[in-house]
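Novice: Here you go, final_0.txt (compact mmCIF, C-alpha atoms):
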# COMPACT_ATOMS: atom_id res chain seq x y z
CA MET A 1 107.94 122.98 83.88
CA ILE A 2 107.63 119.58 85.52
CA ILE A 3 105.28 117.30 83.62
CA GLY A 4 103.31 114.54 85.31
CA LYS A 5 100.48 112.16 84.55
CA GLY A 6 97.78 110.87 86.89
CA LYS A 7 98.14 107.38 88.26
CA SER A 8 95.29 104.98 87.56
CA ILE A 9 92.38 105.33 89.98
CA LYS A 10 92.68 101.61 90.73
CA ASP A 11 96.26 102.11 91.95
CA ILE A 12 95.22 105.02 94.16
CA LEU A 13 92.24 103.07 95.51
CA ALA A 14 94.65 100.27 96.48
CA MET A 15 96.89 102.76 98.33
CA ILE A 16 94.02 104.20 100.38
CA GLU A 17 92.24 100.88 100.90
CA ASN A 18 92.47 101.02 104.69
CA HIS A 19 91.62 104.69 105.12
CA SER A 20 88.21 106.28 105.48
CA LYS A 21 89.12 109.95 105.90
CA ILE A 22 91.72 111.46 103.59
CA ILE A 23 92.96 114.68 102.04
CA VAL A 24 93.49 114.97 98.29
CA ALA A 25 96.06 117.73 97.84
CA GLY A 26 96.78 119.45 94.55
CA CYS A 27 99.35 122.06 93.58
CA ARG A 28 98.85 125.28 91.61
CA GLY A 29 102.34 125.06 90.09
CA CYS A 30 103.56 122.98 87.15
CA VAL A 31 101.05 120.14 87.59
CA THR A 32 98.16 122.57 87.19
CA VAL A 33 99.51 123.63 83.81
CA CYS A 34 99.99 120.05 82.61
CA ALA A 35 96.49 119.16 83.87
CA ALA A 36 97.71 116.44 86.21
CA GLY A 37 97.44 117.87 89.70
CA GLY A 38 95.63 121.20 89.84
CA GLU A 39 92.37 122.16 91.50
CA LYS A 40 90.33 120.65 88.68
CA GLU A 41 92.14 117.32 88.91
CA VAL A 42 91.72 117.33 92.71
CA GLY A 43 87.96 117.58 92.14
CA ILE A 44 87.86 114.85 89.48
CA LEU A 45 90.03 112.44 91.47
CA SER A 46 88.12 113.05 94.71
CA ALA A 47 84.79 112.46 92.99
CA ALA A 48 86.06 109.27 91.33
CA LEU A 49 87.50 107.91 94.59
CA SER A 50 84.36 108.77 96.47
CA LEU A 51 82.12 107.07 93.87
CA ALA A 52 84.31 103.97 93.72
CA ARG A 53 84.36 103.60 97.49
CA GLY A 54 80.61 104.18 97.68
CA LYS A 55 80.10 101.39 95.16
CA ASP A 56 82.21 99.05 97.26
CA GLY A 57 80.15 99.90 100.34
CA LYS A 58 83.13 101.55 102.02
CA PRO A 59 82.35 105.28 101.92
CA ILE A 60 85.23 107.68 102.31
CA GLU A 61 85.40 111.28 103.52
CA ILE A 62 87.64 113.41 101.32
CA LYS A 63 88.85 116.93 101.93
CA GLU A 64 89.96 118.70 98.77
CA VAL A 65 92.79 121.22 99.00
CA THR A 66 95.00 122.84 96.38
CA LEU A 67 98.12 124.57 97.64
CA GLU A 68 99.87 127.43 95.90
CA ARG A 69 102.94 125.17 95.70
CA GLN A 70 103.82 121.98 97.53
CA CYS A 71 107.56 122.57 97.13
CA ASP A 72 107.58 125.58 99.51
CA SER A 73 107.23 125.33 103.29
CA GLU A 74 104.99 128.35 103.75
CA TYR A 75 102.27 126.91 101.55
CA LEU A 76 102.50 123.47 103.13
CA GLU A 77 102.02 125.11 106.51
CA SER A 78 98.55 126.20 105.40
CA ILE A 79 97.19 122.68 105.99
CA ARG A 80 98.98 122.02 109.29
CA SER A 81 96.00 123.12 111.37
CA PHE A 82 93.78 120.29 110.11
CA VAL A 83 96.07 117.64 108.61
CA ASP A 84 96.07 115.58 111.82
CA GLU A 85 92.31 115.16 111.59
CA TYR A 86 92.83 112.91 108.56
CA GLU A 87 94.28 109.42 108.14
CA ALA A 88 96.28 109.98 104.95
CA VAL A 89 97.08 112.44 102.17
CA VAL A 90 97.02 111.69 98.46
CA SER A 91 99.18 114.36 96.90
CA ILE A 92 98.90 115.00 93.19
CA ALA A 93 101.86 117.36 93.13
CA CYS A 94 105.12 116.31 91.48
CA GLY A 95 107.49 113.95 93.29
CA ALA A 96 109.20 116.92 94.95
CA GLY A 97 105.93 118.17 96.36
CA VAL A 98 104.90 114.75 97.69
CA GLN A 99 108.28 114.28 99.37
CA PHE A 100 108.35 117.75 100.88
CA MET A 101 104.90 117.23 102.32
CA ALA A 102 106.01 113.87 103.74
CA GLU A 103 108.98 115.62 105.38
CA LYS A 104 106.78 118.30 106.94
CA PHE A 105 103.98 116.06 108.19
CA ARG A 106 105.78 113.04 109.54
CA LYS A 107 102.89 111.30 111.28
CA ILE A 108 100.55 110.97 108.33
CA PRO A 109 101.00 108.56 105.40
CA LEU A 110 101.57 110.30 102.05
CA TYR A 111 100.56 108.67 98.78
CA PRO A 112 101.48 109.89 95.29
CA GLY A 113 98.50 110.36 93.00
CA ILE A 114 100.52 111.13 89.88
CA ASP A 115 103.68 109.89 88.20
CA THR A 116 106.25 112.63 87.63
CA ASN A 117 107.66 112.23 84.14
CA PHE A 118 109.95 114.98 82.90
CA ILE A 119 110.89 118.64 82.55
CA GLY A 120 109.25 119.80 79.38
CA VAL A 121 107.05 122.18 77.46
CA THR A 122 103.46 122.44 76.26
CA GLU A 123 103.93 121.72 72.58
CA ALA A 124 100.21 122.06 71.85
CA GLN A 125 97.11 121.97 74.01
CA GLY A 126 97.16 118.58 75.70
CA VAL A 127 100.60 117.69 74.31
CA TRP A 128 103.75 117.90 76.44
CA THR A 129 107.27 116.95 75.42
CA GLU A 130 110.59 116.64 77.21
CA ARG A 131 113.28 119.28 76.84
CA CYS A 132 115.63 119.07 79.82
CA GLN A 133 117.15 116.41 82.04
CA ALA A 134 118.55 118.85 84.62
CA CYS A 135 122.11 117.61 84.03
CA GLY A 136 123.53 120.65 85.82
CA ASP A 137 125.95 121.68 83.05
CA CYS A 138 124.06 123.38 80.21
CA LYS A 139 125.57 123.18 76.74
CA LEU A 140 122.77 124.78 74.76
CA HIS A 141 125.02 127.68 73.66
CA ILE A 142 127.09 125.22 71.61
CA THR A 143 124.25 123.15 70.20
CA GLY A 144 121.94 125.83 68.81
CA GLY A 145 119.57 125.81 71.77
CA ILE A 146 118.74 122.13 71.38
CA CYS A 147 119.83 119.78 74.13
CA PRO A 148 121.84 116.74 73.03
CA ILE A 149 121.24 115.10 76.40
CA SER A 150 117.45 115.22 76.43
CA ARG A 151 116.75 115.21 72.68
CA CYS A 152 119.15 112.41 71.69
CA ALA A 153 118.15 108.97 72.95
CA LYS A 154 121.82 108.16 73.59
CA SER A 155 122.67 111.64 74.90
CA LEU A 156 125.55 111.87 72.43
CA PHE A 157 127.67 115.03 72.61
CA ASN A 158 129.41 115.11 69.25
CA GLY A 159 127.10 114.28 66.39
CA PRO A 160 124.50 111.62 65.65
CA CYS A 161 124.91 107.87 65.83
CA GLY A 162 124.39 105.48 62.92
CA GLY A 163 120.76 105.09 63.89
CA SER A 164 119.78 108.50 62.57
CA ALA A 165 117.78 108.05 59.37
CA LYS A 166 115.84 110.67 57.44
CA GLY A 167 115.98 112.96 60.45
CA LYS A 168 114.41 110.41 62.77
CA CYS A 169 115.74 108.37 65.69
CA GLU A 170 116.17 104.60 65.51
CA VAL A 171 114.57 104.30 68.95
CA ASN A 172 111.23 105.54 67.63
CA PRO A 173 110.53 106.63 64.05
CA GLU A 174 108.19 109.32 65.36
CA VAL A 175 110.98 110.95 67.35
CA ASP A 176 113.22 113.51 65.69
CA CYS A 177 116.95 112.81 65.77
CA GLY A 178 118.31 115.34 68.27
CA TRP A 179 121.44 115.88 66.24
CA GLN A 180 119.46 116.44 63.06
CA LEU A 181 117.58 119.16 64.95
CA ILE A 182 120.87 120.65 66.13
CA TYR A 183 122.30 120.60 62.60
CA ASP A 184 119.18 122.21 61.12
CA ARG A 185 119.10 124.91 63.76
CA LEU A 186 122.79 125.75 63.44
CA LYS A 187 122.34 125.90 59.67
CA GLU A 188 119.44 128.35 60.10
CA LEU A 189 121.65 130.47 62.34
CA GLY A 190 124.56 130.32 59.89
CA LYS A 191 126.67 128.75 62.60
CA LEU A 192 127.43 125.30 61.21
CA ASP A 193 131.08 125.87 62.16
CA GLN A 194 130.01 125.26 65.76
CA LEU A 195 129.69 121.58 64.88
CA GLU A 196 133.49 121.51 64.90
CA ILE A 197 133.58 122.31 68.60
CA ILE A 198 134.38 119.07 70.38
CA ILE A 199 132.35 118.80 73.54
CA PRO A 200 134.60 117.02 76.06
CA ILE A 201 133.66 114.09 78.25
CA ASN A 202 130.99 115.28 80.63
CA ASP A 203 131.34 115.69 84.35
CA TRP A 204 128.27 113.79 85.37
CA SER A 205 128.85 114.55 89.04
CA ASN A 206 126.82 117.72 88.36
CA SER A 207 123.97 115.47 87.30
CA ARG A 208 122.25 112.64 89.17
CA ASP A 209 125.50 110.66 89.36
CA GLY A 210 126.68 112.95 92.13
CA GLY A 211 123.71 112.06 94.32
CA PRO A 212 120.92 114.43 95.37
CA ARG A 213 121.94 117.98 94.47
CA LYS A 214 121.87 121.14 96.51
CA ILE A 215 122.20 124.82 95.65
CA ILE A 216 122.97 127.38 98.34
CA ARG A 217 122.81 131.08 97.55
CA GLU A 218 124.61 132.75 100.44
CA ASP A 219 123.19 136.13 99.45
CA LEU A 220 119.66 134.84 99.92
CA THR A 221 119.95 132.63 102.98
CA LEU A 222 118.69 134.01 106.29
CA MET B 1 74.52 114.13 76.69
CA ALA B 2 73.32 115.87 73.57
CA GLY B 3 75.27 118.22 71.35
CA CYS B 4 74.53 119.87 68.04
CA MET B 5 75.48 118.16 64.82
CA GLU B 6 79.21 118.06 64.21
CA GLY B 7 80.21 121.14 62.28
CA ASN B 8 77.17 123.09 63.52
CA CYS B 9 78.37 124.06 66.97
CA HIS B 10 77.80 127.68 67.99
CA TYR B 11 81.25 127.43 69.59
CA LEU B 12 82.78 125.93 66.42
CA THR B 13 84.51 122.89 67.95
CA GLY B 14 82.77 122.89 71.34
CA ASN B 15 80.78 119.73 70.64
CA LEU B 16 83.89 117.91 69.35
CA ARG B 17 85.76 118.80 72.51
CA ALA B 18 82.74 117.81 74.59
CA ARG B 19 82.81 114.38 72.94
CA LYS B 20 86.46 113.91 73.91
CA ARG B 21 85.63 114.84 77.49
CA VAL B 22 82.68 112.48 77.54
CA GLU B 23 85.01 109.69 76.34
CA TYR B 24 87.43 110.57 79.15
CA THR B 25 84.59 110.52 81.70
CA LYS B 26 83.40 107.14 80.38
CA LYS B 27 86.90 105.77 80.96
CA ILE B 28 86.85 106.97 84.57
CA LEU B 29 83.38 105.48 85.10
CA ASP B 30 84.63 102.15 83.70
CA GLU B 31 87.72 102.27 85.88
CA ILE B 32 85.76 102.78 89.09
CA GLY B 33 83.20 100.12 88.21
CA ILE B 34 80.18 102.39 87.69
CA GLY B 35 80.20 101.60 83.96
CA GLY B 36 80.99 103.99 81.12
CA GLU B 37 77.98 102.74 79.17
CA ARG B 38 75.76 104.73 81.54
CA LEU B 39 76.93 107.86 79.75
CA GLU B 40 76.68 108.52 76.02
CA MET B 41 76.99 111.50 73.77
CA TYR B 42 74.69 112.02 70.81
CA ASN B 43 74.65 114.70 68.15
CA MET B 44 71.33 115.97 66.90
CA SER B 45 69.72 119.16 65.71
CA ALA B 46 66.71 120.95 67.17
CA ALA B 47 64.71 119.78 64.15
CA GLN B 48 65.25 116.09 64.89
CA GLY B 49 62.37 115.39 67.27
CA PRO B 50 61.86 111.74 66.20
CA ARG B 51 65.61 111.07 66.50
CA PHE B 52 65.55 112.53 70.02
CA VAL B 53 62.73 110.14 70.96
CA GLU B 54 64.66 107.23 69.43
CA ILE B 55 67.77 108.09 71.45
CA ALA B 56 65.78 108.63 74.66
CA ASN B 57 64.20 105.19 74.23
CA GLU B 58 67.58 103.62 73.40
CA MET B 59 69.19 105.05 76.55
CA THR B 60 66.18 104.12 78.70
CA GLU B 61 66.41 100.52 77.49
CA ARG B 62 70.14 100.46 78.09
CA ILE B 63 69.86 101.86 81.62
CA LYS B 64 67.06 99.44 82.48
CA LYS B 65 69.26 96.54 81.36
CA LEU B 66 72.21 97.86 83.39
CA GLY B 67 70.07 98.16 86.50
CA PRO B 68 70.36 100.63 89.35
CA ASN B 69 73.44 102.65 90.10
CA PRO B 70 75.83 100.28 91.94
CA ILE B 71 76.48 102.94 94.60
CA LYS B 72 72.79 102.98 95.51
CA LEU B 73 72.79 99.18 95.54
CA ALA B 74 75.77 99.11 97.90
CA ALA B 75 74.17 101.72 100.16
CA SER B 76 70.81 99.89 100.28
CA THR B 77 72.53 96.50 100.92
CA LYS B 78 74.45 98.09 103.75
CA SER B 79 71.38 99.68 105.28
CA GLU B 80 69.53 96.34 104.91
CA GLU B 81 72.44 94.60 106.66
CA GLY B 82 72.30 97.24 109.39
CA ALA B 83 68.56 96.78 109.81
CA GLN B 84 69.00 92.99 109.96
CA LYS B 85 71.72 93.40 112.58
CA GLU B 86 69.45 95.67 114.62
CA ARG B 87 66.65 93.13 114.39
CA GLU B 88 68.99 90.37 115.54
CA GLU B 89 70.22 92.48 118.45
CA CYS B 90 66.64 93.08 119.55
CA PHE B 91 66.21 89.34 119.97
CA VAL B 92 69.41 88.91 122.00
Could you write out this file's structure as structure tokens?

Specialist:
Amino acid sequence: MIIGKGKSIKDILAMIENHSKIIVAGCRGCVTVCAAGGEKEVGILSAALSLARGKDGKPIEIKEVTLERQCDSEYLESIRSFVDEYEAVVSIACGAGVQFMAEKFRKIPLYPGIDTNFIGVTEAQGVWTERCQACGDCKLHITGGICPISRCAKSLFNGPCGGSAKGKCEVNPEVDCGWQLIYDRLKELGKLDQLEIIIPINDWSNSRDGGPRKIIREDLTL
Amino acid sequence: MAGCMEGNCHYLTGNLRARKRVEYTKKILDEIGIGGERLEMYNMSAAQGPRFVEIANEMTERIKKLGPNPIKLAASTKSEEGAQKEREECFV
């Protein structure tokens, strides 16, 4: 899922400084699971903003909404009937959700209430870690299910660099060396011979280097 | 906020988790200028009457020192300003 983290309330207060009637919009998708932008966080943020503005003698009216998803038109449409009654929207969905809402409601300023960080997993309650960089050309079948792009700081394709020491990465001693993980996993699987497969130079045009990406499934389009 | 003694929670770790959430709430209160020191979590058992009194007095003293909730202050200043303005307009 997409992992995000709430922006500081001070930053959000600065964004909405000139508004007195806003919507705080959450999303029931990924950001609910990573406790950054769900219904609960909408409530906490709205209360904090309201208290802070009350203290400054500039009360603010806040409508709290949490959409099923902000990355799908049909759910965004659910706020169309009242969105124009407000001066701005603070969206605490991921960057995709904020942008899609901005595209749909062109007359109202949209402010991001969270920072979108990475595609990752819930490693333990309250702990999320990165697993995927959406490079568009998955190689997990060669590397034992561990991604050399997201798990290696240098995104090396054919073995570790000289900075790998005692299974840890030179970038941060608390971070596992991605290639150590790959080696260990292949060993567990009895497939160490896969290390001899040379992964060729990558075609990064499938990744961000090719600009914003698009997928069209002709069988699904209307 | 009062919880049972650590290790004695009916919900095992409920009071430990509550403490973490109180700390988080204090951070928010600090960030928005209300003041995290207005909230505190204490652990005590039902048999600690004198300790409860001690804590109640401690918090009362602390709150008195901190003064009224700044939101109320802002609201009353504003209403006072409004009243003053009304008075001035009456004279015009």

Novice: Kindly provide the residues of chain B that approach chain A to within 6 Å, each paired with its closest atom pair and their distance in Å to one decimal, based on only C-alpha atoms, listed by chain and increasing number, as a Markdown table.

Specialist:
| residue | atom | partner | partner_atom | distance |
| --- | --- | --- | --- | --- |
| B:Ile32 | CA | A:Ala52 | CA | 5.0 |
| B:Pro70 | CA | A:Lys55 | CA | 5.5 |
| B:Ile71 | CA | A:Lys55 | CA | 4.0 |
| B:Ala74 | CA | A:Gly57 | CA | 5.1 |

Novice: Restricting the output to C-alpha atoms, write the selected residues as a tab-separated table (two decimals), in the coordinates of the input.

Specialist:
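result-v8.tsv written:
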chain	number	residue	atom	x	y	z
B	32	ILE	CA	85.76	102.78	89.09
B	70	PRO	CA	75.83	100.28	91.94
B	71	ILE	CA	76.48	102.94	94.60
B	74	ALA	CA	75.77	99.11	97.90

Novice: Give me, as a PyMOL selection string, all polymer residues having an atom no more than 7 Å from range 177-189 of chain A, counting only C-alpha atoms and skipping those fewer than 5 positions away in the same chain.

Specialist: chain A and resi 143-144+146+148+151-152+159-160+164+167-169

Novice: Kindly give the distance, in Å, that separates CA of Leu220 in chain A and CA of Glu74 in chain A, rounded to a single decimal.

Specialist: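 Straight-line distance from CA of Leu220 in chain A to CA of Glu74 in chain A works out to 16.5 Å.
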
Novice: Kindly indicate which residue among A:Gly4, A:Gly163, A:Gly120, A:Gly97 lies nearest to Val175 in chain A, using all atoms listed in the file for the distances.

Specialist: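 Nearest to Val175 in chain A: A:Gly163.
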
Novice: Rounded to one decimal, what separation in Å do you get between CA of Arg28 in chain A and CA of Lys63 in chain A?

Specialist: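 Computing it gives 16.6 Å between the two atoms.
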
Novice: Give me the residues within 12 Å of Lys40 in chain A as JSON, numbers by chain, counting only C-alpha atoms and dropping any in the same chain fewer than 3 places off.

Specialist: {"A": [24, 25, 26, 27, 28, 31, 32, 33, 34, 35, 36, 37, 43, 44, 45, 46, 47, 64, 65, 66, 92]}

Novice: Closest to Met59 in chain B among B:Glu37, B:Glu81, B:Glu88, B:Glu6, using only C-alpha atoms?

Specialist: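 Checking each of B:Glu37, B:Glu81, B:Glu88, B:Glu6 against Met59 in chain B, counting only C-alpha atoms, the winner is B:Glu37.
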
Novice: State, in Å with one decimal place, the distance from CA of Gln133 in chain A to CA of Ile2 in chain A.

Specialist: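 Going from CA of Gln133 in chain A over to CA of Ile2 in chain A covers 10.6 Å.
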
Novice: Fewer than 2 positions away in the same chain doesn't count, so skip those; otherwise give me all residues within 12 Å of Gly36 in chain B, counting only C-alpha atoms, as a PyMOL selection string.

Specialist: chain B and resi 22-34+38-41+62-63+66+69

Novice: Please, which residues are within 7 Å of (98.5, 111.8, 98.0) by the file's coordinates, counting only C-alpha atoms, and could they come as a list in words?

Specialist: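 Those within range, by chain then number, are Val24, Ala25, Val89, Val90, Ser91, Ile92, Leu110, Tyr111, Pro112 and Gly113 of chain A.
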
Novice: Nearest residue to Arg213 in chain A out of A:Cys135, A:Leu140, A:Ile60, A:Cys161, using all atoms listed in the file?

Specialist: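 Residue with the minimum atom-to-atom distance to Arg213 in chain A: A:Cys135.
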
Novice: Report, as lines of an AutoDock Vina configuration file, the centre and edge lengths in Å (one decimal) of the axis-aligned box enclosing every listed atom of range 44-51 of chain B, padded by 4 Å on each side.

Specialist:
center_x = 66.6
center_y = 116.0
center_z = 65.7
size_x = 17.5
size_y = 17.9
size_z = 11.1

Novice: Env of range 47-53 of chain B: 12 Å cut, atoms = all atoms listed in the file, seq-sep filter 4 positions within chain, self excluded. Answer as an MDAnalysis selection string.

Specialist: chainID B and resid 1:5 42:43 57:60

Novice: Go through A:Thr129, A:Ser155, A:Gln99, A:Gln194 and flag the residue nearest Ile142 in chain A, using all atoms listed in the file for the distances.

Specialist: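 Comparing A:Thr129, A:Ser155, A:Gln99, A:Gln194 against Ile142 in chain A, the winner is A:Gln194.
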
Novice: Find the spatial neighbours of Met101 in chain A, counting all atoms listed in the file, within a cut-off of 9 Å - ignore same-chain residues fewer than 3 positions away - and output them as a list in words.

Specialist: Gln70, Cys71, Ser73, Leu76, Ser91, Ala96, Gly97, Val98, Lys104, Phe105, Arg106 and Leu110 of chain A
